[in-house]
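K.L.:
So here's data-v7.cif (mmCIF, N, CA and C atoms and all ligand atoms).
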```cif
data_coords
#
loop_
_atom_site.label_atom_id
_atom_site.label_comp_id
_atom_site.auth_asym_id
_atom_site.auth_seq_id
_atom_site.Cartn_x
_atom_site.Cartn_y
_atom_site.Cartn_z
N MET A 1 22.61 -34.40 -9.61
CA MET A 1 21.67 -34.03 -8.55
C MET A 1 21.96 -32.61 -8.05
N ILE A 2 20.90 -31.82 -7.94
CA ILE A 2 21.07 -30.44 -7.49
C ILE A 2 21.02 -30.40 -5.96
N THR A 3 22.08 -29.86 -5.39
CA THR A 3 22.11 -29.79 -3.92
C THR A 3 21.76 -28.40 -3.39
N LYS A 4 22.09 -27.38 -4.21
CA LYS A 4 21.84 -26.01 -3.76
C LYS A 4 20.42 -25.59 -4.16
N LYS A 5 19.60 -25.33 -3.18
CA LYS A 5 18.22 -24.94 -3.48
C LYS A 5 18.10 -23.43 -3.56
N LYS A 6 17.49 -22.96 -4.64
CA LYS A 6 17.23 -21.53 -4.77
C LYS A 6 15.96 -21.17 -4.02
N LYS A 7 15.94 -19.95 -3.48
CA LYS A 7 14.71 -19.49 -2.84
C LYS A 7 13.68 -19.19 -3.91
N LEU A 8 12.47 -19.61 -3.68
CA LEU A 8 11.41 -19.39 -4.66
C LEU A 8 11.00 -17.93 -4.68
N ARG A 9 10.76 -17.42 -5.87
CA ARG A 9 10.24 -16.08 -6.00
C ARG A 9 8.73 -16.16 -6.22
N PRO A 10 7.98 -15.25 -5.61
CA PRO A 10 6.54 -15.27 -5.86
C PRO A 10 6.27 -14.89 -7.31
N VAL A 11 5.30 -15.52 -7.92
CA VAL A 11 5.00 -15.25 -9.32
C VAL A 11 3.69 -14.50 -9.50
N ASP A 12 2.87 -14.50 -8.49
CA ASP A 12 1.59 -13.81 -8.63
C ASP A 12 1.13 -13.38 -7.23
N ILE A 13 0.14 -12.51 -7.20
CA ILE A 13 -0.33 -11.98 -5.93
C ILE A 13 -1.86 -11.99 -5.94
N GLU A 14 -2.44 -12.31 -4.81
CA GLU A 14 -3.89 -12.24 -4.71
C GLU A 14 -4.25 -11.54 -3.41
N GLY A 15 -5.25 -10.73 -3.47
CA GLY A 15 -5.66 -10.00 -2.29
C GLY A 15 -6.94 -9.24 -2.62
N TYR A 16 -7.45 -8.51 -1.66
CA TYR A 16 -8.73 -7.85 -1.86
C TYR A 16 -8.66 -6.37 -1.55
N ILE A 17 -9.41 -5.61 -2.30
CA ILE A 17 -9.49 -4.17 -2.15
C ILE A 17 -10.93 -3.85 -1.76
N LYS A 18 -11.10 -2.91 -0.85
CA LYS A 18 -12.46 -2.58 -0.40
C LYS A 18 -12.97 -1.32 -1.11
N TYR A 19 -14.16 -1.40 -1.63
CA TYR A 19 -14.84 -0.24 -2.18
C TYR A 19 -16.12 -0.05 -1.37
N ILE A 20 -16.54 1.19 -1.22
CA ILE A 20 -17.78 1.45 -0.48
C ILE A 20 -18.77 2.14 -1.40
N CYS A 21 -19.97 1.60 -1.47
CA CYS A 21 -21.01 2.16 -2.31
C CYS A 21 -21.34 3.58 -1.82
N HIS A 22 -21.35 4.55 -2.76
CA HIS A 22 -21.62 5.94 -2.38
C HIS A 22 -23.10 6.14 -2.08
N ASN A 23 -23.90 5.19 -2.46
CA ASN A 23 -25.35 5.33 -2.29
C ASN A 23 -25.82 4.77 -0.94
N CYS A 24 -25.43 3.51 -0.64
CA CYS A 24 -25.94 2.88 0.57
C CYS A 24 -24.83 2.50 1.56
N LEU A 25 -23.58 2.84 1.23
CA LEU A 25 -22.42 2.58 2.08
C LEU A 25 -22.12 1.09 2.31
N GLN A 26 -22.70 0.27 1.48
CA GLN A 26 -22.37 -1.16 1.53
C GLN A 26 -20.92 -1.37 1.13
N GLU A 27 -20.20 -2.20 1.90
CA GLU A 27 -18.81 -2.49 1.57
C GLU A 27 -18.72 -3.62 0.55
N HIS A 28 -17.81 -3.45 -0.39
CA HIS A 28 -17.61 -4.47 -1.41
C HIS A 28 -16.13 -4.84 -1.45
N TRP A 29 -15.83 -6.10 -1.20
CA TRP A 29 -14.45 -6.57 -1.30
C TRP A 29 -14.24 -7.12 -2.70
N VAL A 30 -13.25 -6.57 -3.39
CA VAL A 30 -12.99 -6.94 -4.77
C VAL A 30 -11.57 -7.46 -4.87
N SER A 31 -11.39 -8.55 -5.58
CA SER A 31 -10.04 -9.10 -5.71
C SER A 31 -9.21 -8.21 -6.63
N PHE A 32 -7.87 -8.26 -6.47
CA PHE A 32 -6.98 -7.48 -7.33
C PHE A 32 -7.27 -7.79 -8.79
N LYS A 33 -7.46 -9.05 -9.07
CA LYS A 33 -7.68 -9.46 -10.46
C LYS A 33 -8.94 -8.80 -11.02
N GLU A 34 -10.00 -8.76 -10.21
CA GLU A 34 -11.22 -8.10 -10.68
C GLU A 34 -10.99 -6.60 -10.87
N ALA A 35 -10.32 -5.99 -9.87
CA ALA A 35 -10.12 -4.54 -9.91
C ALA A 35 -9.18 -4.12 -11.04
N LYS A 36 -8.38 -5.06 -11.53
CA LYS A 36 -7.48 -4.75 -12.65
C LYS A 36 -8.23 -4.74 -13.98
N HIS A 37 -9.41 -5.34 -14.00
CA HIS A 37 -10.15 -5.43 -15.26
C HIS A 37 -10.78 -4.08 -15.59
N PRO A 38 -10.48 -3.54 -16.79
CA PRO A 38 -10.96 -2.19 -17.11
C PRO A 38 -12.48 -2.06 -17.16
N LYS A 39 -13.17 -3.16 -17.38
CA LYS A 39 -14.63 -3.05 -17.49
C LYS A 39 -15.34 -3.57 -16.25
N PHE A 40 -14.58 -3.76 -15.18
CA PHE A 40 -15.18 -4.32 -13.98
C PHE A 40 -16.15 -3.33 -13.32
N VAL A 41 -17.32 -3.79 -12.98
CA VAL A 41 -18.28 -2.97 -12.24
C VAL A 41 -18.84 -3.81 -11.08
N ILE A 42 -19.28 -3.11 -10.04
CA ILE A 42 -19.93 -3.77 -8.92
C ILE A 42 -21.41 -3.45 -9.03
N VAL A 43 -22.25 -4.46 -8.93
CA VAL A 43 -23.67 -4.20 -8.84
C VAL A 43 -24.05 -4.36 -7.37
N CYS A 44 -24.40 -3.24 -6.76
CA CYS A 44 -24.67 -3.22 -5.32
C CYS A 44 -26.07 -3.77 -5.04
N ARG A 45 -26.27 -4.12 -3.78
CA ARG A 45 -27.59 -4.63 -3.39
C ARG A 45 -28.67 -3.53 -3.47
N CYS A 46 -28.22 -2.26 -3.52
CA CYS A 46 -29.17 -1.16 -3.67
C CYS A 46 -29.47 -0.89 -5.15
N ASP A 47 -29.06 -1.80 -6.04
CA ASP A 47 -29.26 -1.72 -7.49
C ASP A 47 -28.39 -0.69 -8.18
N GLU A 48 -27.48 -0.06 -7.42
CA GLU A 48 -26.56 0.90 -8.01
C GLU A 48 -25.44 0.13 -8.72
N THR A 49 -25.12 0.54 -9.95
CA THR A 49 -23.98 -0.04 -10.63
C THR A 49 -22.77 0.84 -10.37
N LEU A 50 -21.76 0.25 -9.74
CA LEU A 50 -20.61 1.04 -9.32
C LEU A 50 -19.42 0.79 -10.23
N LYS A 51 -18.96 1.86 -10.87
CA LYS A 51 -17.72 1.75 -11.65
C LYS A 51 -16.57 1.97 -10.70
N VAL A 52 -15.55 1.14 -10.80
CA VAL A 52 -14.43 1.28 -9.87
C VAL A 52 -13.21 1.84 -10.57
N LYS A 53 -12.40 2.56 -9.81
CA LYS A 53 -11.12 3.05 -10.31
C LYS A 53 -10.22 1.83 -10.50
N THR A 54 -9.79 1.60 -11.71
CA THR A 54 -9.03 0.39 -12.02
C THR A 54 -7.64 0.44 -11.40
N VAL A 55 -7.26 -0.66 -10.80
CA VAL A 55 -5.93 -0.79 -10.23
C VAL A 55 -4.99 -1.23 -11.34
N GLU A 56 -3.91 -0.48 -11.55
CA GLU A 56 -3.02 -0.81 -12.65
C GLU A 56 -2.15 -2.02 -12.31
N SER A 57 -1.50 -1.95 -11.17
CA SER A 57 -0.65 -3.09 -10.81
C SER A 57 -0.34 -3.06 -9.33
N ILE A 58 -0.02 -4.18 -8.83
CA ILE A 58 0.45 -4.30 -7.46
C ILE A 58 1.76 -5.06 -7.56
N SER A 59 2.81 -4.47 -7.03
CA SER A 59 4.10 -5.12 -7.23
C SER A 59 4.54 -5.86 -5.98
N ILE A 60 5.37 -6.83 -6.21
CA ILE A 60 5.93 -7.61 -5.11
C ILE A 60 7.34 -7.10 -4.86
N LYS A 61 7.62 -6.72 -3.64
CA LYS A 61 8.97 -6.25 -3.33
C LYS A 61 9.63 -7.26 -2.40
N HIS A 62 10.83 -7.62 -2.78
CA HIS A 62 11.59 -8.54 -1.94
C HIS A 62 12.35 -7.74 -0.90
N ILE A 63 12.57 -8.32 0.24
CA ILE A 63 13.36 -7.66 1.26
C ILE A 63 14.82 -7.68 0.81
N LYS A 64 15.38 -6.48 0.75
CA LYS A 64 16.78 -6.39 0.34
C LYS A 64 17.65 -6.36 1.58
N LYS A 65 18.73 -7.08 1.50
CA LYS A 65 19.66 -7.05 2.63
C LYS A 65 20.49 -5.78 2.53
N HIS A 66 20.45 -4.99 3.60
CA HIS A 66 21.23 -3.75 3.61
C HIS A 66 22.60 -4.03 4.23
N LYS A 67 23.61 -3.46 3.61
CA LYS A 67 24.93 -3.57 4.23
C LYS A 67 24.95 -2.71 5.46
N LYS A 68 25.35 -3.30 6.54
CA LYS A 68 25.40 -2.55 7.79
C LYS A 68 26.55 -1.55 7.74
N ASN A 69 26.21 -0.31 7.99
CA ASN A 69 27.22 0.74 8.05
C ASN A 69 27.49 1.04 9.52
N SER A 70 28.75 0.96 9.89
CA SER A 70 29.09 1.12 11.31
C SER A 70 28.78 2.53 11.82
N THR A 71 28.72 3.52 10.90
CA THR A 71 28.43 4.88 11.33
C THR A 71 26.92 5.18 11.34
N ALA A 72 26.13 4.21 10.92
CA ALA A 72 24.69 4.42 10.87
C ALA A 72 24.11 4.63 12.26
N GLN A 73 23.03 5.38 12.30
CA GLN A 73 22.38 5.63 13.58
C GLN A 73 21.74 4.34 14.09
N PRO A 74 21.78 4.14 15.40
CA PRO A 74 21.17 2.93 15.93
C PRO A 74 19.67 2.88 15.63
N GLY A 75 19.21 1.71 15.27
CA GLY A 75 17.78 1.57 14.97
C GLY A 75 17.46 1.74 13.51
N GLY A 76 18.22 2.61 12.84
CA GLY A 76 17.96 2.85 11.43
C GLY A 76 16.67 3.63 11.25
N SER A 77 16.39 3.99 10.01
CA SER A 77 15.18 4.77 9.76
C SER A 77 14.02 3.85 9.44
N ALA A 78 12.82 4.38 9.60
CA ALA A 78 11.63 3.56 9.39
C ALA A 78 11.48 3.11 7.95
N ILE A 79 12.04 3.88 7.02
CA ILE A 79 11.87 3.53 5.61
C ILE A 79 12.57 2.21 5.30
N GLU A 80 13.59 1.87 6.13
CA GLU A 80 14.26 0.58 5.94
C GLU A 80 13.48 -0.57 6.59
N ASN A 81 12.55 -0.20 7.46
CA ASN A 81 11.75 -1.22 8.12
C ASN A 81 10.65 -1.65 7.14
N SER A 82 11.00 -2.57 6.24
CA SER A 82 10.14 -2.81 5.09
C SER A 82 8.77 -3.37 5.44
N SER A 83 8.66 -4.13 6.53
CA SER A 83 7.33 -4.67 6.84
C SER A 83 6.40 -3.54 7.29
N LEU A 84 6.95 -2.58 8.02
CA LEU A 84 6.17 -1.41 8.44
C LEU A 84 5.74 -0.59 7.22
N VAL A 85 6.69 -0.38 6.32
CA VAL A 85 6.41 0.40 5.12
C VAL A 85 5.41 -0.33 4.23
N ASN A 86 5.61 -1.63 4.07
CA ASN A 86 4.70 -2.41 3.23
C ASN A 86 3.28 -2.39 3.78
N GLU A 87 3.19 -2.52 5.10
CA GLU A 87 1.87 -2.53 5.74
C GLU A 87 1.18 -1.18 5.54
N THR A 88 1.95 -0.11 5.74
CA THR A 88 1.40 1.24 5.58
C THR A 88 1.01 1.48 4.13
N ARG A 89 1.87 1.03 3.21
CA ARG A 89 1.58 1.22 1.79
C ARG A 89 0.26 0.50 1.42
N ASP A 90 0.10 -0.73 1.94
CA ASP A 90 -1.13 -1.48 1.67
C ASP A 90 -2.36 -0.71 2.13
N VAL A 91 -2.26 -0.10 3.33
CA VAL A 91 -3.38 0.66 3.86
C VAL A 91 -3.69 1.85 2.95
N LEU A 92 -2.63 2.55 2.51
CA LEU A 92 -2.81 3.71 1.65
C LEU A 92 -3.40 3.31 0.29
N LEU A 93 -2.96 2.15 -0.20
CA LEU A 93 -3.52 1.66 -1.47
C LEU A 93 -5.01 1.40 -1.31
N ASN A 94 -5.38 0.89 -0.13
CA ASN A 94 -6.80 0.64 0.14
C ASN A 94 -7.60 1.94 0.16
N TYR A 95 -6.91 3.03 0.54
CA TYR A 95 -7.57 4.34 0.55
C TYR A 95 -7.65 4.96 -0.85
N GLY A 96 -7.04 4.31 -1.82
CA GLY A 96 -7.13 4.80 -3.19
C GLY A 96 -5.88 5.54 -3.67
N PHE A 97 -4.84 5.59 -2.83
CA PHE A 97 -3.59 6.20 -3.28
C PHE A 97 -2.91 5.27 -4.27
N SER A 98 -2.16 5.84 -5.20
CA SER A 98 -1.36 4.98 -6.08
C SER A 98 -0.11 4.59 -5.31
N LYS A 99 0.59 3.58 -5.84
CA LYS A 99 1.79 3.09 -5.15
C LYS A 99 2.83 4.20 -5.06
N THR A 100 2.97 4.97 -6.14
CA THR A 100 3.95 6.06 -6.17
C THR A 100 3.59 7.12 -5.13
N GLU A 101 2.31 7.47 -5.07
CA GLU A 101 1.86 8.47 -4.08
C GLU A 101 2.13 7.97 -2.67
N ALA A 102 1.77 6.70 -2.44
CA ALA A 102 1.94 6.12 -1.10
C ALA A 102 3.41 6.13 -0.70
N ASP A 103 4.28 5.70 -1.62
CA ASP A 103 5.71 5.66 -1.31
C ASP A 103 6.26 7.06 -1.04
N GLY A 104 5.80 8.02 -1.83
CA GLY A 104 6.25 9.40 -1.65
C GLY A 104 5.85 9.94 -0.29
N LEU A 105 4.60 9.68 0.09
CA LEU A 105 4.10 10.15 1.39
C LEU A 105 4.84 9.46 2.53
N ILE A 106 5.07 8.16 2.38
CA ILE A 106 5.74 7.41 3.44
C ILE A 106 7.18 7.90 3.60
N SER A 107 7.89 8.08 2.47
CA SER A 107 9.29 8.47 2.62
C SER A 107 9.41 9.89 3.14
N SER A 108 8.47 10.80 2.77
CA SER A 108 8.58 12.15 3.32
C SER A 108 8.24 12.16 4.81
N ALA A 109 7.33 11.27 5.24
CA ALA A 109 7.01 11.18 6.67
C ALA A 109 8.19 10.62 7.45
N CYS A 110 8.89 9.67 6.84
CA CYS A 110 10.01 9.01 7.52
C CYS A 110 11.27 9.87 7.57
N GLU A 111 11.30 10.92 6.72
CA GLU A 111 12.48 11.79 6.72
C GLU A 111 12.69 12.48 8.06
N LYS A 112 11.58 12.86 8.67
CA LYS A 112 11.69 13.68 9.87
C LYS A 112 11.49 12.91 11.17
N GLN A 113 11.02 11.69 11.05
CA GLN A 113 10.64 10.97 12.26
C GLN A 113 10.82 9.47 12.06
N ASN A 114 11.17 8.78 13.12
CA ASN A 114 11.22 7.32 13.04
C ASN A 114 9.94 6.73 13.62
N PHE A 115 9.40 5.78 12.93
CA PHE A 115 8.15 5.19 13.38
C PHE A 115 8.37 3.73 13.77
N THR A 116 7.70 3.35 14.82
CA THR A 116 7.82 1.95 15.24
C THR A 116 6.54 1.19 14.96
N THR A 117 5.43 1.92 14.79
CA THR A 117 4.18 1.23 14.50
C THR A 117 3.56 1.77 13.22
N CYS A 118 2.85 0.89 12.56
CA CYS A 118 2.16 1.22 11.32
C CYS A 118 1.14 2.34 11.56
N GLU A 119 0.45 2.27 12.71
CA GLU A 119 -0.59 3.26 13.03
C GLU A 119 -0.01 4.68 13.07
N ASP A 120 1.14 4.82 13.76
CA ASP A 120 1.77 6.14 13.87
C ASP A 120 2.17 6.68 12.50
N LEU A 121 2.72 5.79 11.69
CA LEU A 121 3.16 6.20 10.37
C LEU A 121 1.96 6.64 9.51
N ILE A 122 0.89 5.87 9.56
CA ILE A 122 -0.30 6.21 8.78
C ILE A 122 -0.87 7.56 9.21
N LYS A 123 -0.95 7.75 10.55
CA LYS A 123 -1.48 9.02 11.06
C LYS A 123 -0.66 10.20 10.54
N CYS A 124 0.67 10.04 10.60
CA CYS A 124 1.55 11.11 10.14
C CYS A 124 1.38 11.35 8.64
N VAL A 125 1.32 10.27 7.87
CA VAL A 125 1.17 10.37 6.42
C VAL A 125 -0.13 11.09 6.06
N LEU A 126 -1.22 10.69 6.73
CA LEU A 126 -2.52 11.28 6.41
C LEU A 126 -2.57 12.75 6.83
N THR A 127 -1.92 13.08 7.95
CA THR A 127 -1.86 14.48 8.38
C THR A 127 -1.10 15.30 7.35
N LYS A 128 0.04 14.78 6.93
CA LYS A 128 0.85 15.47 5.93
C LYS A 128 0.06 15.64 4.64
N PHE A 129 -0.65 14.60 4.25
CA PHE A 129 -1.42 14.65 3.01
C PHE A 129 -2.49 15.73 3.11
N GLY A 130 -3.15 15.81 4.28
CA GLY A 130 -4.17 16.83 4.50
C GLY A 130 -3.58 18.23 4.40
N GLU A 131 -2.37 18.40 4.99
CA GLU A 131 -1.71 19.71 4.95
C GLU A 131 -1.36 20.09 3.51
N SER A 132 -0.78 19.12 2.78
CA SER A 132 -0.32 19.46 1.43
C SER A 132 -1.49 19.71 0.49
N SER A 133 -2.62 19.03 0.70
CA SER A 133 -3.74 19.28 -0.22
C SER A 133 -4.46 20.57 0.14
N ASN A 134 -4.29 21.07 1.39
CA ASN A 134 -4.87 22.36 1.74
C ASN A 134 -4.11 23.51 1.07
N VAL A 135 -2.80 23.31 0.91
CA VAL A 135 -1.95 24.36 0.33
C VAL A 135 -2.29 24.58 -1.13
N LYS A 136 -2.57 23.49 -1.84
CA LYS A 136 -2.82 23.58 -3.28
C LYS A 136 -4.13 24.30 -3.61
ZN ZN A 201 -25.27 0.47 -2.66
#
```
Could you write out this structure as structure tokens?
Ligand SMILES: [Zn+2]
P.N.:
Amino acid sequence: MITKKKKLRPVDIEGYIKYICHNCLQEHWVSFKEAKHPKFVIVCRCDETLKVKTVESISIKHIKKHKKNSTAQPGGSAIENSSLVNETRDVLLNYGFSKTEADGLISSACEKQNFTTCEDLIKCVLTKFGESSNVK
């Protein structure tokens, strides 16, 4: 008889991504599975056939236990606050950023500032993104 129970790992993910029709601005919620399909199209109520940018993958990240360092700053940095980061990343993914882009933007925003709310972090990330795309 097994007495020690292992924690279950998630094996799949389901969720929805929003696309907006460029013609009539109708919102379309598409499941990850649909958006992953290379030939997936949305037929809008305005008769427009919308090709969507295919989502390659959405990964599941487990919360890692960090070893507490006694010399660490109180509160820690926002990048360690994984629920805040995950929430922000999800929002950025909804905006069409790739996971790598989102993570890069989040970590560069967190380098200079600690965030306690997802809203603040998103605002900072989007501001930074606007600045960096103006430079190019
Ligand atoms: Zn439409």
K.L.:
Leaving out region 98-106 of chain A and any residue of its chain fewer than 2 positions from it, which residues lie within 12 Å of it when counting only C-alpha atoms, given as an NGL selection string?
P.N.:
:A and (53-61 or 77-82 or 84-96 or 108-115 or 118 or 120-132)
K.L.:
Compile the contact shell of Arg45 (chain A) as a PyMOL selection string: residues with an atom at most 12 Å away, counting only C-alpha atoms, same-chain residues fewer than 6 positions apart removed.
P.N.:
chain A and resi 20-21+23-28
K.L.:
Which of these residues is nearest to ligand ZN 201 (chain A), using only N, CA and C atoms and all ligand atoms: A:Ala35, A:Ile17, A:Val41, A:Leu50?
P.N.:
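Closest to ligand ZN 201 (chain A), using only N, CA and C atoms and all ligand atoms: A:Leu50.
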K.L.:
Calculated over only C-alpha atoms and all ligand atoms, which of the candidates A:Phe32, A:Phe97, A:Tyr19, A:Phe40 has the smallest distance to ligand ZN 201 (chain A)?
P.N.:
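Smallest separation from ligand ZN 201 (chain A) among the options: A:Tyr19.
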K.L.:
DSSP on the backbone, then: every residue of region 7-47 of chain A marked alpha helix (DSSP H), written as a list in words.
P.N.:
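After running DSSP on the backbone, region 7-47 of chain A has alpha helix (DSSP H) at Phe32, Lys33, Glu34, Ala35 and Lys36 of chain A.
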K.L.:
Calculate how many Å separate atom N of Lys51 (chain A) from atom C of Ser31 (chain A), rounding to one decimal.
P.N.:
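According to the coordinates, atom N of Lys51 (chain A) and atom C of Ser31 (chain A) are separated by 14.6 Å.
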K.L.:
Apply DSSP to the backbone of this structure and, from chain A, keep only the residues in strand (DSSP E or B); write these as a ChimeraX atom specification.
P.N.:
/A:16-20,27-31,41-43,49-51
K.L.:
Just to confirm, what's the straight-line distance from atom N of Glu14 (chain A) to CA of Thr117 (chain A) in Å (one decimal)?
P.N.:
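About the pair atom N of Glu14 (chain A) and CA of Thr117 (chain A): they are 24.5 Å apart.
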K.L.:
Identify which of the residues A:Ile13, A:Val52, A:Ile63, A:Cys44 lies closest to ligand ZN 201 (chain A), counting all atoms listed in the file when measuring atom-to-atom distances.
P.N.:
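Nearest candidate to ligand ZN 201 (chain A) out of A:Ile13, A:Val52, A:Ile63, A:Cys44: A:Cys44.
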K.L.:
Rank nothing, just name the residue among A:Tyr16, A:Ser107, A:Lys5, A:Asp47 nearest to ligand ZN 201 (chain A), using only C-alpha atoms and all ligand atoms.
P.N.:
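Among A:Tyr16, A:Ser107, A:Lys5, A:Asp47, it is A:Asp47 that comes nearest to ligand ZN 201 (chain A).
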K.L.:
At what distance in Å, to one decimal, does CA of Leu8 (chain A) lie from CA of Val30 (chain A)?
P.N.:
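Distance reported for this atom pair: 27.4 Å.
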K.L.:
From the list A:Lys33, A:Lys64, A:Lys4, A:Glu48, which residue is nearest ligand ZN 201 (chain A) when using all atoms listed in the file?
P.N.:
A:Glu48
